[in-house]
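S.K.: The structure file run.pdb (PDB, C-alpha atoms) is provided below.
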```pdb
ATOM      1  CA  MET A 264       5.608   1.749 -15.998
ATOM      2  CA  ASN A 265       2.718   3.871 -17.207
ATOM      3  CA  MET A 266       3.272   7.608 -17.105
ATOM      4  CA  ILE A 267       0.690   9.131 -14.788
ATOM      5  CA  THR A 268       0.218  12.670 -13.586
ATOM      6  CA  HIS A 269       0.632  13.851 -10.020
ATOM      7  CA  SER A 270      -3.132  14.261  -9.629
ATOM      8  CA  GLN A 271      -3.696  10.704 -10.905
ATOM      9  CA  GLN A 272      -1.124   9.458  -8.398
ATOM     10  CA  GLU A 273      -3.049  11.175  -5.610
ATOM     11  CA  VAL A 274      -6.278   9.479  -6.712
ATOM     12  CA  TYR A 275      -4.544   6.078  -6.793
ATOM     13  CA  LEU A 276      -3.013   6.766  -3.381
ATOM     14  CA  ARG A 277      -6.448   7.484  -1.859
ATOM     15  CA  GLN A 278      -7.781   4.285  -3.458
ATOM     16  CA  ALA A 279      -4.814   2.349  -2.061
ATOM     17  CA  GLU A 280      -5.490   3.749   1.416
ATOM     18  CA  LYS A 281      -9.104   2.619   1.129
ATOM     19  CA  ALA A 282      -8.028  -0.858  -0.037
ATOM     20  CA  LEU A 283      -5.896  -1.204   3.094
ATOM     21  CA  ARG A 284      -8.622   0.085   5.434
ATOM     22  CA  CYS A 285     -11.186  -2.310   3.940
ATOM     23  CA  ASN A 286      -8.952  -5.375   4.049
ATOM     24  CA  PRO A 287     -10.353  -7.714   6.731
ATOM     25  CA  HIS A 288      -6.847  -8.952   7.632
ATOM     26  CA  LEU A 289      -5.652  -5.430   8.451
ATOM     27  CA  ILE A 290      -8.420  -4.082  10.678
ATOM     28  CA  ASN A 291      -6.955  -2.141  13.621
ATOM     29  CA  ARG A 292      -3.417  -2.325  12.223
ATOM     30  CA  GLN A 293      -1.036   0.599  11.850
ATOM     31  CA  VAL A 294      -0.552   0.429   8.085
ATOM     32  CA  ASN A 295       0.278   3.543   6.083
ATOM     33  CA  VAL A 296       0.805   4.006   2.376
ATOM     34  CA  SER A 297       2.502   6.854   0.553
ATOM     35  CA  ASN A 298       3.925   7.341  -2.901
ATOM     36  CA  GLY A 299       7.203   8.536  -4.249
ATOM     37  CA  ASP A 300       9.198   8.097  -7.432
ATOM     38  CA  GLY A 301       6.575   5.802  -8.943
ATOM     39  CA  LYS A 302       6.518   3.550  -5.859
ATOM     40  CA  LEU A 303       3.861   2.736  -3.314
ATOM     41  CA  LEU A 304       5.541   2.733   0.095
ATOM     42  CA  LEU A 305       4.053   0.635   2.895
ATOM     43  CA  SER A 306       5.026   1.509   6.469
ATOM     44  CA  GLY A 307       3.755   0.877   9.955
ATOM     45  CA  LYS A 308       3.395  -2.204  12.114
ATOM     46  CA  VAL A 309       1.499  -5.484  11.805
ATOM     47  CA  THR A 310       1.410  -8.553  14.034
ATOM     48  CA  SER A 311       2.404 -11.240  11.514
ATOM     49  CA  PHE A 312       4.177 -11.877   8.232
ATOM     50  CA  PHE A 313       0.791 -12.967   6.866
ATOM     51  CA  GLU A 314      -0.618  -9.474   7.532
ATOM     52  CA  LYS A 315       2.464  -7.932   5.947
ATOM     53  CA  GLN A 316       1.865  -9.995   2.814
ATOM     54  CA  MET A 317      -1.868  -9.214   2.805
ATOM     55  CA  ALA A 318      -1.099  -5.487   2.879
ATOM     56  CA  GLN A 319       1.181  -5.861  -0.115
ATOM     57  CA  GLU A 320      -1.368  -7.981  -1.990
ATOM     58  CA  ALA A 321      -4.083  -5.379  -1.322
ATOM     59  CA  LEU A 322      -1.981  -2.907  -3.307
ATOM     60  CA  ARG A 323      -0.954  -5.201  -6.133
ATOM     61  CA  LYS A 324      -3.929  -4.084  -8.268
ATOM     62  CA  PHE A 325      -2.447  -0.579  -8.422
ATOM     63  CA  ASP A 326      -0.068  -1.493 -11.227
ATOM     64  CA  GLU A 327       0.254   2.173 -12.193
ATOM     65  CA  PHE A 328       3.120   2.127  -9.706
ATOM     66  CA  ALA A 329       6.151   0.123 -10.802
ATOM     67  CA  VAL A 330       7.122  -1.042  -7.325
ATOM     68  CA  ILE A 331       5.544  -1.710  -3.955
ATOM     69  CA  GLU A 332       8.135  -1.138  -1.250
ATOM     70  CA  ASN A 333       6.990  -3.025   1.829
ATOM     71  CA  SER A 334       8.662  -1.620   4.943
ATOM     72  CA  LEU A 335       6.050  -2.870   7.398
ATOM     73  CA  GLN A 336       7.484  -4.046  10.703
ATOM     74  CA  VAL A 337       6.258  -7.309  12.196
ATOM     75  CA  GLY A 338       5.968  -7.523  15.938
TER      76      GLY A 338
END
```
Hey, can you dump this file as structure tokens for me?
M.R.:
Amino acid sequence: MNMITHSQQEVYLRQAEKALRCNPHLINRQVNVSNGDGKLLLSGKVTSFFEKQMAQEALRKFDEFAVIENSLQVG
């Protein structure tokens, strides 16, 4: 994992939020992202496992974070 500062993490977090908002598969979905301990944490609710995967893939480019923890609920 790359060592990044807190302010850099905040910039990446805002970019990750934008990536989720702009993803055409996630429009009008309750998807939230936060960071902690070098992880991007996905939470909220989507309607399918496909949307859950698309949310995770939207964040994959943010490799500054070692792990994407996908806790999205499907239902």
S.K.: Find the distance between atom CA of Ser297 of chain A and atom CA of Glu314 of chain A and write it in Å to one decimal.
M.R.: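 Atom CA of Glu314 of chain A lies at a distance of 18.0 Å from atom CA of Ser297 of chain A.
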S.K.: From the list A:Leu335, A:Asn298, A:Ser306, A:Asp326, which residue is nearest His269 of chain A when using only C-alpha atoms?
M.R.: A:Asn298
S.K.: In the coordinate frame of the file, compute which residues have an atom within 12 Å of (-7.0, -7.9, 11.8) when using only C-alpha atoms, and state them as JSON, numbers by chain.
M.R.: {"A": [283, 284, 285, 286, 287, 288, 289, 290, 291, 292, 293, 294, 308, 309, 310, 311, 313, 314, 315, 317, 318]}
S.K.: One number please: atom CA of Arg277 of chain A to atom CA of Phe312 of chain A, in Å, one decimal.
M.R.: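 We find that atom CA of Arg277 of chain A and atom CA of Phe312 of chain A lie 24.3 Å from each other.
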S.K.: Work out how far apart atom CA of Asn333 of chain A and atom CA of Leu303 of chain A are and give it in Å to one decimal.
M.R.: 8.3 Å
S.K.: Spell out the residues picked by the PyMOL selection byres ((chain A and resi 302) around 6) here, as a list in words.
M.R.: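 Evaluating the PyMOL selection byres ((chain A and resi 302) around 6) on this file yields Asn298, Gly299, Asp300, Gly301, Leu303, Phe328, Val330 and Ile331 of chain A.
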S.K.: So that all listed atoms of segment 292-298 of chain A fit with 3 Å spare on each side, what axis-aligned box centre and edge lengths in Å, to one decimal, would you give as AutoDock Vina command-line options?
M.R.:
```
--center_x 0.3 --center_y 2.5 --center_z 4.7 --size_x 13.3 --size_y 15.7 --size_z 21.1
```
S.K.: Identify, on the basis of only C-alpha atoms, every residue whose closest approach to Glu280 of chain A does not exceed 10 Å; exclude the query and any residue fewer than 6 positions from it along the same chain; express the result as a VMD selection string.
M.R.: chain A and resid 274 294 to 297 321 to 322
